[in-house]
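Text of entry-v1.txt, listed as compact mmCIF, C-alpha atoms:
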```txt
# COMPACT_ATOMS: atom_id res chain seq x y z
CA MET P 1 123.01 6.33 66.62
CA VAL P 2 123.34 2.71 67.69
CA GLY P 3 127.13 3.00 68.04
CA PHE P 4 127.14 6.52 69.47
CA PHE P 5 126.78 5.66 73.15
CA PRO P 6 129.44 2.93 73.15
CA ARG P 7 131.82 5.31 71.37
CA CYS P 8 130.91 8.08 73.81
CA MET P 9 131.52 5.84 76.80
CA LEU P 10 134.83 4.74 75.29
CA LEU P 11 135.86 8.39 74.91
CA ILE P 12 134.91 9.18 78.51
CA PHE P 13 136.87 6.15 79.71
CA ALA P 14 139.90 7.26 77.67
CA ILE P 15 139.75 10.78 79.12
CA GLY P 16 139.49 9.37 82.64
CA ALA P 17 142.45 7.09 82.01
CA SER P 18 144.41 10.05 80.68
CA VAL P 19 143.71 12.13 83.79
CA THR P 20 144.77 9.22 85.97
CA SER P 21 147.99 8.77 84.03
CA VAL P 22 148.79 12.49 84.35
CA ALA P 23 148.35 12.26 88.12
CA ALA P 24 150.62 9.23 88.19
CA VAL P 25 153.28 11.08 86.21
CA ALA P 26 153.07 13.98 88.65
CA GLU P 27 153.78 11.62 91.52
CA ASP P 28 156.55 9.70 89.81
CA LYS P 29 158.48 12.39 87.92
CA MET P 30 160.38 15.48 88.97
CA MET P 31 159.05 18.66 87.41
CA PHE P 32 161.45 21.56 86.99
CA ARG P 33 160.80 25.22 86.31
CA MET P 34 162.46 28.61 86.65
CA ILE P 35 160.67 31.46 88.38
CA ASP P 36 161.67 35.06 89.09
CA GLY P 37 162.70 35.67 92.69
CA ASP P 38 163.28 39.02 94.34
CA GLY P 39 164.72 41.54 91.90
CA GLY P 40 164.09 39.17 89.00
CA VAL P 41 166.77 36.66 90.13
CA PRO P 42 165.93 33.32 88.42
CA LEU P 43 165.28 30.52 90.90
CA ARG P 44 165.23 26.82 90.02
CA VAL P 45 162.20 25.03 91.47
CA VAL P 46 161.64 21.28 91.75
CA GLU P 47 158.23 19.70 92.29
CA LYS P 48 157.08 16.14 92.75
CA GLY P 49 154.22 14.24 94.33
CA ASN P 50 150.47 14.37 94.69
CA PRO P 51 149.26 17.70 93.27
CA GLU P 52 146.07 17.42 95.33
CA GLY P 53 147.84 16.67 98.61
CA PRO P 54 149.03 19.04 101.35
CA THR P 55 152.15 20.96 100.33
CA ILE P 56 155.59 20.65 101.90
CA LEU P 57 158.17 23.27 100.90
CA PHE P 58 161.80 22.28 101.52
CA ILE P 59 164.50 24.94 102.00
CA HIS P 60 168.07 23.64 101.98
CA GLY P 61 171.16 24.72 103.88
CA MET P 62 174.03 27.01 102.95
CA ALA P 63 176.27 25.74 100.13
CA GLN P 64 173.82 22.92 99.35
CA SER P 65 170.86 22.50 96.95
CA THR P 66 167.59 20.69 96.34
CA LEU P 67 169.68 17.52 95.95
CA SER P 68 169.84 17.50 99.76
CA PHE P 69 166.20 16.33 99.82
CA GLU P 70 166.47 13.38 97.44
CA ARG P 71 165.48 11.01 100.25
CA GLN P 72 162.24 12.94 100.67
CA LEU P 73 161.42 13.69 97.02
CA ASN P 74 162.03 10.06 96.05
CA SER P 75 160.07 8.51 98.90
CA ASP P 76 156.50 7.54 99.74
CA LEU P 77 155.94 11.14 100.79
CA ALA P 78 155.26 11.82 97.11
CA LYS P 79 152.18 9.58 97.20
CA ARG P 80 150.52 11.72 99.81
CA PHE P 81 152.00 15.22 99.58
CA ARG P 82 152.84 17.86 97.03
CA LEU P 83 156.60 18.25 97.48
CA VAL P 84 158.30 21.47 96.42
CA ALA P 85 161.93 22.54 96.80
CA PHE P 86 164.03 25.31 95.27
CA ASP P 87 167.66 26.31 95.02
CA LEU P 88 168.34 29.43 97.06
CA ARG P 89 169.83 32.38 95.18
CA GLY P 90 173.51 31.80 94.57
CA HIS P 91 173.04 28.04 94.96
CA GLY P 92 172.52 25.05 92.69
CA GLY P 93 170.71 25.83 89.45
CA SER P 94 169.53 29.27 90.56
CA ALA P 95 171.18 32.48 89.43
CA LYS P 96 174.33 33.81 91.12
CA PRO P 97 173.91 37.59 91.50
CA TRP P 98 177.10 39.41 92.48
CA ARG P 99 176.07 42.59 94.31
CA SER P 100 176.25 42.59 98.10
CA SER P 101 172.69 43.94 98.20
CA ASP P 102 171.52 40.74 96.50
CA TYR P 103 172.32 38.79 99.67
CA ALA P 104 172.07 41.38 102.46
CA GLY P 105 169.25 41.46 104.96
CA SER P 106 166.43 39.05 105.66
CA ARG P 107 163.89 40.58 103.31
CA VAL P 108 165.54 39.43 100.08
CA TRP P 109 165.52 35.78 101.22
CA ALA P 110 161.93 36.09 102.44
CA ALA P 111 160.88 37.56 99.11
CA ASP P 112 162.33 34.59 97.23
CA VAL P 113 160.24 32.19 99.32
CA ALA P 114 157.19 34.38 98.72
CA ALA P 115 157.88 34.32 94.98
CA VAL P 116 157.94 30.50 94.94
CA ILE P 117 154.73 30.30 96.97
CA GLU P 118 153.01 32.83 94.72
CA ALA P 119 154.21 31.36 91.41
CA LEU P 120 153.04 27.86 92.35
CA GLU P 121 149.89 29.16 94.05
CA LEU P 122 150.72 27.26 97.24
CA ARG P 123 148.33 27.29 100.19
CA ASP P 124 148.47 25.71 103.65
CA VAL P 125 152.19 25.03 103.30
CA THR P 126 154.37 23.20 105.80
CA ILE P 127 157.85 24.72 105.50
CA VAL P 128 160.91 22.57 106.19
CA GLY P 129 164.00 24.67 106.89
CA TRP P 130 167.28 22.78 107.21
CA SER P 131 170.31 24.56 108.70
CA PHE P 132 170.50 28.00 107.04
CA GLY P 133 167.15 27.19 105.48
CA GLY P 134 165.63 27.62 108.93
CA TYR P 135 166.76 31.25 108.96
CA VAL P 136 165.25 31.73 105.52
CA ALA P 137 161.95 30.20 106.67
CA VAL P 138 161.73 32.47 109.72
CA SER P 139 162.63 35.46 107.54
CA TYR P 140 159.62 34.63 105.37
CA LEU P 141 157.34 34.45 108.40
CA ARG P 142 158.74 37.74 109.69
CA HIS P 143 157.97 39.66 106.50
CA TYR P 144 154.96 37.81 105.06
CA GLY P 145 153.17 36.34 108.04
CA TYR P 146 151.41 33.00 108.46
CA ASP P 147 148.44 33.20 106.10
CA ARG P 148 149.73 30.54 103.72
CA VAL P 149 151.66 28.43 106.24
CA ARG P 150 150.23 25.62 108.36
CA GLY P 151 153.39 24.42 110.10
CA LEU P 152 157.16 24.76 110.39
CA ASN P 153 159.81 22.05 110.67
CA LEU P 154 163.23 23.30 111.79
CA VAL P 155 165.91 20.69 111.03
CA GLY P 156 169.37 21.05 112.55
CA THR P 157 168.93 24.76 113.20
CA SER P 158 168.02 27.29 115.87
CA ALA P 159 166.98 29.68 113.08
CA GLY P 160 168.31 32.47 115.31
CA LEU P 161 165.30 32.10 117.61
CA VAL P 162 167.45 31.44 120.71
CA GLU P 163 171.07 31.80 121.66
CA PHE P 164 172.82 28.50 121.16
CA GLN P 165 176.09 26.82 121.96
CA PRO P 166 177.99 24.56 119.57
CA PRO P 167 178.82 21.13 120.98
CA LYS P 168 182.25 20.67 122.53
CA ASN P 169 183.95 18.40 120.05
CA SER P 170 186.75 18.72 117.57
CA SER P 171 184.57 18.74 114.46
CA VAL P 172 182.97 22.05 115.44
CA GLU P 173 186.29 23.80 115.03
CA LYS P 174 186.22 22.82 111.37
CA VAL P 175 182.92 24.65 110.95
CA THR P 176 182.76 27.67 113.20
CA GLY P 177 185.82 27.80 115.40
CA ASN P 178 188.48 27.62 112.73
CA PRO P 179 188.66 30.84 110.69
CA ASP P 180 191.16 29.24 108.35
CA SER P 181 188.67 26.51 107.35
CA VAL P 182 185.92 29.06 106.69
CA ALA P 183 188.34 31.23 104.71
CA ARG P 184 189.41 28.26 102.59
CA ARG P 185 185.82 27.51 101.60
CA SER P 186 185.40 31.09 100.36
CA SER P 187 188.91 31.41 98.93
CA LEU P 188 189.48 32.98 95.53
CA ASP P 189 192.18 30.34 95.01
CA LEU P 190 190.04 27.75 93.25
CA ALA P 191 192.33 24.82 94.04
CA GLU P 192 192.27 25.70 97.74
CA ARG P 193 188.52 26.10 97.67
CA VAL P 194 187.94 22.77 95.94
CA ALA P 195 190.05 21.02 98.57
CA ALA P 196 188.10 22.69 101.38
CA MET P 197 184.75 21.86 99.82
CA HIS P 198 185.76 18.21 99.51
CA GLU P 199 185.88 18.15 103.32
CA PHE P 200 182.54 19.93 103.76
CA PRO P 201 180.16 16.93 103.31
CA ASP P 202 181.91 15.16 106.19
CA LEU P 203 180.64 17.88 108.53
CA LEU P 204 176.97 17.26 107.75
CA THR P 205 176.55 13.71 109.02
CA ALA P 206 177.81 11.57 111.88
CA GLU P 207 178.45 8.63 109.57
CA PRO P 208 179.98 9.05 106.09
CA MET P 209 177.54 9.76 103.27
CA GLN P 210 177.06 7.32 100.44
CA PRO P 211 179.62 8.14 97.70
CA ASP P 212 177.05 9.46 95.21
CA ASP P 213 175.40 11.61 97.87
CA ARG P 214 178.76 12.90 99.02
CA ASP P 215 179.59 13.89 95.44
CA ALA P 216 176.25 15.68 95.12
CA SER P 217 176.91 17.56 98.36
CA PHE P 218 180.40 18.56 97.18
CA TYR P 219 179.21 19.75 93.77
CA SER P 220 176.37 21.69 95.38
CA GLY P 221 178.89 23.38 97.63
CA ILE P 222 181.25 24.36 94.85
CA MET P 223 178.34 25.79 92.80
CA LEU P 224 177.95 28.55 95.39
CA PRO P 225 180.52 31.11 94.19
CA ALA P 226 183.20 32.24 96.62
CA TYR P 227 182.16 35.87 96.25
CA ALA P 228 178.59 34.97 97.25
CA LEU P 229 179.72 32.91 100.23
CA ARG P 230 181.76 35.90 101.41
CA LEU P 231 178.62 38.04 101.44
CA PHE P 232 176.81 35.77 103.89
CA ASP P 233 178.40 37.59 106.82
CA LYS P 234 176.00 40.45 106.03
CA LEU P 235 172.99 38.37 107.02
CA PRO P 236 171.06 39.30 110.18
CA LEU P 237 170.90 36.01 112.04
CA ASP P 238 169.25 37.15 115.26
CA ASN P 239 165.55 36.20 115.28
CA ARG P 240 165.02 36.08 119.04
CA ASP P 241 162.30 38.71 118.77
CA MET P 242 160.31 36.22 116.68
CA SER P 243 160.29 33.30 119.12
CA GLU P 244 157.21 34.34 121.14
CA ARG P 245 155.41 35.49 117.99
CA LEU P 246 155.97 32.21 116.20
CA THR P 247 152.75 30.50 117.25
CA LEU P 248 152.63 28.07 114.33
CA PRO P 249 152.87 24.36 115.09
CA THR P 250 156.62 23.76 114.96
CA LEU P 251 158.59 20.53 114.89
CA VAL P 252 162.26 20.77 115.87
CA SER P 253 164.24 17.84 114.43
CA MET P 254 167.82 17.55 115.62
CA GLY P 255 170.59 14.98 115.79
CA THR P 256 172.34 14.60 119.12
CA LEU P 257 175.69 14.74 117.28
CA ASP P 258 174.87 17.91 115.35
CA ILE P 259 178.07 19.90 114.76
CA GLY P 260 176.30 23.26 114.96
CA MET P 261 174.07 23.17 118.04
CA ASP P 262 174.09 21.16 121.26
CA VAL P 263 171.10 19.35 122.79
CA PRO P 264 170.55 21.86 125.65
CA SER P 265 170.23 24.60 123.01
CA ALA P 266 167.65 22.50 121.18
CA ARG P 267 165.67 22.11 124.39
CA ARG P 268 165.79 25.89 124.96
CA LEU P 269 164.48 26.38 121.45
CA ASP P 270 161.63 23.97 122.12
CA LEU P 271 160.73 25.82 125.33
CA ALA P 272 160.96 29.25 123.71
CA LEU P 273 158.39 28.48 121.02
CA PRO P 274 154.72 28.57 122.07
CA ASN P 275 153.58 25.60 119.98
CA SER P 276 156.63 23.39 119.56
CA GLU P 277 157.67 19.76 119.86
CA LEU P 278 161.22 18.41 119.89
CA SER P 279 162.43 15.23 118.21
CA LEU P 280 165.99 14.17 119.02
CA PHE P 281 167.78 11.69 116.74
CA ASP P 282 170.29 9.85 118.87
CA GLY P 283 173.68 9.34 117.26
CA ILE P 284 172.71 11.40 114.20
CA GLY P 285 174.52 14.47 112.91
CA HIS P 286 173.47 17.77 111.36
CA PHE P 287 171.03 16.32 108.84
CA PRO P 288 168.46 13.82 110.23
CA ALA P 289 166.45 13.98 106.99
CA TYR P 290 169.37 12.26 105.27
CA GLU P 291 170.91 10.05 107.96
CA SER P 292 167.64 8.79 109.39
CA ALA P 293 165.35 9.37 106.42
CA GLU P 294 162.79 6.66 107.15
CA ARG P 295 162.13 7.87 110.69
CA TYR P 296 162.28 11.52 109.66
CA ASN P 297 159.82 11.04 106.79
CA GLN P 298 157.35 9.29 109.09
CA GLU P 299 157.61 12.04 111.70
CA LEU P 300 157.14 14.70 109.02
CA THR P 301 154.07 12.84 107.73
CA ASP P 302 152.58 12.68 111.24
CA PHE P 303 153.41 16.34 111.90
CA VAL P 304 151.73 17.59 108.72
CA SER P 305 148.68 15.47 109.55
CA ARG P 306 148.49 16.98 113.03
CA CYS P 307 148.80 20.48 111.58
CA ASP P 308 145.72 19.75 109.50
```

Translate this structure into structure tokens?
Amino acid sequence: MVGFFPRCMLLIFAIGASVTSVAAVAEDKMMFRMIDGDGGVPLRVVEKGNPEGPTILFIHGMAQSTLSFERQLNSDLAKRFRLVAFDLRGHGGSAKPWRSSDYAGSRVWAADVAAVIEALELRDVTIVGWSFGGYVAVSYLRHYGYDRVRGLNLVGTSAGLVEFQPPKNSSVEKVTGNPDSVARRSSLDLAERVAAMHEFPDLLTAEPMQPDDRDASFYSGIMLPAYALRLFDKLPLDNRDMSERLTLPTLVSMGTLDIGMDVPSARRLDLALPNSELSLFDGIGHFPAYESAERYNQELTDFVSRCD
């Protein structure tokens, strides 16, 4: 009995140290899993950060992947927040269904988000929707409501909540005004498609990406099959009926050199939403979370704190 209490205390200390080390691993390491999305479509989910912290769910843009958020997942955000991201259907490490019904309408995209939230038992989530991801986020709110969501961050997107005008510069023609460029990215001629996708990362930022990041963006783009990209024209992209109903705290983050939407359109979006704030990134392109990651991460931290 003399040695029982010391041994007991040693065991308790060891258990406590083990719990601490598990928490540290959760913050430092990426955790990957597959979950079933709408219709049983497997979705690849990435998680990192403080499992006890407020949750931020990142939704990437069209022809990209969770790799887009490396500068968030591998930042100090992980010390404070539970960070979750997933590859949209057809993208990245998620399954590539081939029927048109697998991509048509807003409900299927909303149901995938709901599946991630349900599988990970997420509550009080701040959703970050970049580019097309903003449309996906609003689709979720349309069909599933706000019960599990505390805030919304729209990055480089109108999410269909207002009419918008693309900026008047030559790069826009490569994205929306040049049918040939769009057709090349969805071409069944693989060589033509690879060449077009090599150009795609240059459209996302005002300044060239770092080589490794550019490669990741290219490979993410080519992983979206041409047949799936062709089905995206079936998406309903008009969410103007949602703007007055979207009463969540909303942060609109936009670069002044965004190739998809001009600054006046961003200001109209800010005015159209009942509980919105606008953050303009001067001299930054379509993806402030990449080009100005330090500032963006701080603003996201402050926004989530205010939502609390």

- Message: If I take atom CA of Ala228 of chain P and atom CA of Arg99 of chain P, how far is one from the other in Å, to one decimal?
- Response: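 Straight-line distance from atom CA of Ala228 of chain P to atom CA of Arg99 of chain P works out to 8.5 Å.
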
Taking a cut-off of 8 Å and counting only C-alpha atoms, can you build a table that, for each residue of segment 127-169 of chain P near segment 276-299 of chain P, reports the nearest atom pair and how far apart they are in Å (one decimal), sorted by chain then residue number, as a tab-separated table?
```
residue	atom	partner	partner_atom	distance
P:Trp130	CA	P:Phe287	CA	7.6
P:Ser131	CA	P:His286	CA	7.9
P:Val155	CA	P:Phe287	CA	7.1
P:Gly156	CA	P:His286	CA	5.4
```

- Pick from P:Asn153, P:Ser65, P:Ser75, P:Ser158 nearest to Asn239 of chain P, counting only C-alpha atoms: P:Ser158

- Item | Close residues, Gly129 of chain P itself excluded, 9 Å, all atoms listed in the file, min 4 positions apart in chain, as JSON, numbers by chain | {"P": [57, 58, 59, 60, 61, 133, 134, 135, 136, 137, 138, 152, 153, 154, 155, 156, 157, 159]}

- Query: Between P:Pro225, P:Gly39, P:Pro201, P:Pro249, which has the minimum distance to Ile127 of chain P (counting only C-alpha atoms)?
  - Reply: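 Smallest distance to Ile127 of chain P is found for P:Pro249.
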